[in-house]
>>> print(open('protein_35.pdb').read())   # PDB, C-alpha atoms
MODEL        1
ATOM      1  CA  MET A   1       6.671 102.104-211.355  1.00  0.00           C
ATOM      2  CA  VAL A   2       8.286  98.700-211.846  1.00  0.00           C
ATOM      3  CA  GLU A   3       7.664  96.011-209.245  1.00  0.00           C
ATOM      4  CA  ASP A   4      10.214  93.347-208.433  1.00  0.00           C
ATOM      5  CA  GLY A   5       9.277  89.717-208.968  1.00  0.00           C
ATOM      6  CA  VAL A   6       7.185  88.051-211.622  1.00  0.00           C
ATOM      7  CA  SER A   7       3.771  88.869-212.986  1.00  0.00           C
ATOM      8  CA  GLU A   8       0.981  86.530-213.990  1.00  0.00           C
ATOM      9  CA  ASP A   9       1.833  87.045-217.672  1.00  0.00           C
ATOM     10  CA  ASP A  10       5.353  85.639-217.334  1.00  0.00           C
ATOM     11  CA  ALA A  11       6.060  82.244-218.845  1.00  0.00           C
ATOM     12  CA  GLU A  12       7.246  80.894-215.504  1.00  0.00           C
ATOM     13  CA  MET A  13       3.904  81.594-213.855  1.00  0.00           C
ATOM     14  CA  GLN A  14       2.042  79.995-216.749  1.00  0.00           C
ATOM     15  CA  VAL A  15       4.143  76.845-216.351  1.00  0.00           C
ATOM     16  CA  VAL A  16       3.429  76.831-212.607  1.00  0.00           C
ATOM     17  CA  GLY A  17      -0.296  77.130-213.372  1.00  0.00           C
ATOM     18  CA  VAL A  18      -0.147  74.206-215.781  1.00  0.00           C
ATOM     19  CA  PHE A  19       1.657  72.133-213.127  1.00  0.00           C
ATOM     20  CA  PHE A  20      -1.027  72.994-210.563  1.00  0.00           C
ATOM     21  CA  LEU A  21      -3.812  71.954-212.923  1.00  0.00           C
ATOM     22  CA  GLY A  22      -1.904  68.819-213.890  1.00  0.00           C
ATOM     23  CA  SER A  23      -1.432  67.881-210.244  1.00  0.00           C
ATOM     24  CA  ILE A  24      -5.164  68.261-209.630  1.00  0.00           C
ATOM     25  CA  LEU A  25      -5.906  66.002-212.608  1.00  0.00           C
ATOM     26  CA  LEU A  26      -3.432  63.356-211.418  1.00  0.00           C
ATOM     27  CA  ALA A  27      -4.781  63.567-207.858  1.00  0.00           C
ATOM     28  CA  VAL A  28      -8.344  63.030-209.086  1.00  0.00           C
ATOM     29  CA  ILE A  29      -7.229  60.010-211.122  1.00  0.00           C
ATOM     30  CA  GLY A  30      -5.331  58.677-208.097  1.00  0.00           C
ATOM     31  CA  GLY A  31      -8.353  59.256-205.880  1.00  0.00           C
ATOM     32  CA  VAL A  32     -10.593  57.301-208.233  1.00  0.00           C
ATOM     33  CA  LEU A  33      -8.074  54.458-208.316  1.00  0.00           C
ATOM     34  CA  GLY A  34      -7.889  54.558-204.504  1.00  0.00           C
ATOM     35  CA  ILE A  35     -11.670  54.284-204.258  1.00  0.00           C
ATOM     36  CA  ILE A  36     -11.653  51.363-206.692  1.00  0.00           C
ATOM     37  CA  THR A  37      -8.956  49.635-204.627  1.00  0.00           C
ATOM     38  CA  CYS A  38     -10.979  50.117-201.430  1.00  0.00           C
ATOM     39  CA  PHE A  39     -13.929  48.245-202.950  1.00  0.00           C
ATOM     40  CA  GLN A  40     -11.958  45.256-204.241  1.00  0.00           C
ATOM     41  CA  LYS A  41     -12.371  42.177-202.093  1.00  0.00           C
ATOM     42  CA  ASP A  42      -9.110  40.337-202.733  1.00  0.00           C
ATOM     43  CA  LYS A  43      -6.691  43.289-202.430  1.00  0.00           C
ATOM     44  CA  LYS A  44      -5.061  44.960-199.461  1.00  0.00           C
ATOM     45  CA  LYS A  45      -7.107  48.020-198.622  1.00  0.00           C
ATOM     46  CA  VAL A  46      -4.408  49.805-196.625  1.00  0.00           C
ATOM     47  CA  LEU A  47      -2.565  51.060-199.701  1.00  0.00           C
ATOM     48  CA  GLY A  48      -5.828  52.188-201.308  1.00  0.00           C
ATOM     49  CA  ILE A  49      -6.770  54.161-198.209  1.00  0.00           C
ATOM     50  CA  ILE A  50      -3.308  55.730-197.951  1.00  0.00           C
ATOM     51  CA  GLY A  51      -3.414  56.699-201.629  1.00  0.00           C
ATOM     52  CA  LEU A  52      -6.904  58.117-201.277  1.00  0.00           C
ATOM     53  CA  VAL A  53      -5.920  60.227-198.263  1.00  0.00           C
ATOM     54  CA  LEU A  54      -2.776  61.549-199.968  1.00  0.00           C
ATOM     55  CA  ASN A  55      -4.683  62.463-203.127  1.00  0.00           C
ATOM     56  CA  VAL A  56      -7.406  64.251-201.169  1.00  0.00           C
ATOM     57  CA  LEU A  57      -4.738  66.189-199.266  1.00  0.00           C
ATOM     58  CA  THR A  58      -3.093  67.147-202.575  1.00  0.00           C
ATOM     59  CA  ILE A  59      -6.372  68.426-204.005  1.00  0.00           C
ATOM     60  CA  PHE A  60      -7.139  70.278-200.766  1.00  0.00           C
ATOM     61  CA  GLY A  61      -3.682  71.888-200.720  1.00  0.00           C
ATOM     62  CA  VAL A  62      -3.895  73.082-204.319  1.00  0.00           C
ATOM     63  CA  VAL A  63      -7.382  74.502-203.763  1.00  0.00           C
ATOM     64  CA  ILE A  64      -6.140  76.352-200.651  1.00  0.00           C
ATOM     65  CA  LEU A  65      -3.186  77.794-202.584  1.00  0.00           C
ATOM     66  CA  MET A  66      -5.495  78.900-205.401  1.00  0.00           C
ATOM     67  CA  ALA A  67      -7.846  80.538-202.881  1.00  0.00           C
ATOM     68  CA  ILE A  68      -4.922  82.383-201.297  1.00  0.00           C
ATOM     69  CA  GLY A  69      -3.920  83.588-204.756  1.00  0.00           C
ATOM     70  CA  PHE A  70      -7.430  84.826-205.502  1.00  0.00           C
ATOM     71  CA  ILE A  71      -7.656  86.604-202.148  1.00  0.00           C
ATOM     72  CA  ALA A  72      -4.242  88.224-202.596  1.00  0.00           C
ATOM     73  CA  ASP A  73      -5.221  89.403-206.081  1.00  0.00           C
ATOM     74  CA  ALA A  74      -8.432  91.093-204.879  1.00  0.00           C
TER      75      ALA A  74
ENDMDL
END
>>> encode(input="protein_35.pdb", output="structure tokens")
Amino acid sequence: MVEDGVSEDDAEMQVVGVFFLGSILLAVIGGVLGIITCFQKDKKKVLGIIGLVLNVLTIFGVVILMAIGFIADA
């Protein structure tokens, strides 16, 4: 029986997986830079806080999507 759609072995899904992992890596780097900006004395902290919040939301969103994928696969 052939199912419609894509499987996890398709090249498109592998590219999507690489993009997800890359976005997590970039969000972690951005989060670290946001934390560094928050501790600098002579810089505006508003942009550091905004960047930190956005990067945490990105990481949280990707983790939620991965959890949904694991639950759907089980």
>>> residues_around(input="protein_35.pdb", residues="Leu47 in chain A", least_positions_apart="4", cutoff="10 Å", atoms="all atoms listed in the file", output="list of chain:residue names")
A:Gly34, A:Thr37, A:Cys38, A:Lys43, A:Gly51, A:Leu52, A:Val53
>>> closest_residue(input="protein_35.pdb", among="A:Val32, A:Ala27, A:Val16, A:Val46", to="Met66 in chain A", atoms="all atoms listed in the file")
A:Val16
>>> closest_residue(input="protein_35.pdb", among="A:Val56, A:Ala72, A:Ala11, A:Val18", to="Gly31 in chain A", atoms="only C-alpha atoms")
A:Val56
>>> residues_around(input="protein_35.pdb", residues="Thr58 in chain A", least_positions_apart="4", cutoff="12 Å", atoms="all atoms listed in the file", output="PyMOL selection string")
chain A and resi 20-31+51-54+62-65
>>> atom_distance(input="protein_35.pdb", atom1="CA of Ile36 in chain A", atom2="CA of Phe60 in chain A")
20.3 Å
>>> atom_distance(input="protein_35.pdb", atom1="CA of Gln14 in chain A", atom2="CA of Ala67 in chain A")
17.0 Å
>>> build_atoms(input="protein_35.pdb", residues="range 48-65 of chain A", atoms="N, CA and C atoms", output="short mmCIF file (atom, residue, chain, number, x, y, z; two decimals), in the frame of the given file")
data_model
loop_
_atom_site.label_atom_id
_atom_site.label_comp_id
_atom_site.auth_asym_id
_atom_site.auth_seq_id
_atom_site.Cartn_x
_atom_site.Cartn_y
_atom_site.Cartn_z
N GLY A 48 -4.78 51.39 -200.68
CA GLY A 48 -5.83 52.19 -201.31
C GLY A 48 -6.26 53.35 -200.44
N ILE A 49 -6.37 53.10 -199.14
CA ILE A 49 -6.77 54.16 -198.21
C ILE A 49 -5.68 55.22 -198.10
N ILE A 50 -4.42 54.77 -198.02
CA ILE A 50 -3.31 55.73 -197.95
C ILE A 50 -3.26 56.59 -199.21
N GLY A 51 -3.41 55.95 -200.37
CA GLY A 51 -3.41 56.70 -201.63
C GLY A 51 -4.57 57.67 -201.71
N LEU A 52 -5.73 57.24 -201.26
CA LEU A 52 -6.90 58.12 -201.28
C LEU A 52 -6.70 59.33 -200.38
N VAL A 53 -6.16 59.12 -199.19
CA VAL A 53 -5.92 60.23 -198.26
C VAL A 53 -4.89 61.20 -198.84
N LEU A 54 -3.81 60.67 -199.40
CA LEU A 54 -2.78 61.55 -199.97
C LEU A 54 -3.30 62.35 -201.15
N ASN A 55 -4.13 61.74 -201.99
CA ASN A 55 -4.68 62.46 -203.13
C ASN A 55 -5.68 63.53 -202.69
N VAL A 56 -6.47 63.24 -201.68
CA VAL A 56 -7.41 64.25 -201.17
C VAL A 56 -6.64 65.42 -200.55
N LEU A 57 -5.56 65.11 -199.83
CA LEU A 57 -4.74 66.19 -199.27
C LEU A 57 -4.09 67.03 -200.36
N THR A 58 -3.68 66.40 -201.45
CA THR A 58 -3.09 67.15 -202.58
C THR A 58 -4.12 68.09 -203.19
N ILE A 59 -5.32 67.58 -203.43
CA ILE A 59 -6.37 68.43 -204.00
C ILE A 59 -6.70 69.57 -203.05
N PHE A 60 -6.83 69.26 -201.76
CA PHE A 60 -7.14 70.28 -200.77
C PHE A 60 -6.05 71.35 -200.71
N GLY A 61 -4.79 70.94 -200.76
CA GLY A 61 -3.68 71.89 -200.72
C GLY A 61 -3.65 72.81 -201.92
N VAL A 62 -3.90 72.26 -203.11
CA VAL A 62 -3.90 73.08 -204.32
C VAL A 62 -5.06 74.06 -204.30
N VAL A 63 -6.22 73.61 -203.84
CA VAL A 63 -7.38 74.50 -203.76
C VAL A 63 -7.11 75.63 -202.77
N ILE A 64 -6.48 75.32 -201.64
CA ILE A 64 -6.14 76.35 -200.65
C ILE A 64 -5.17 77.36 -201.25
N LEU A 65 -4.15 76.88 -201.96
CA LEU A 65 -3.19 77.79 -202.58
C LEU A 65 -3.85 78.67 -203.64
#
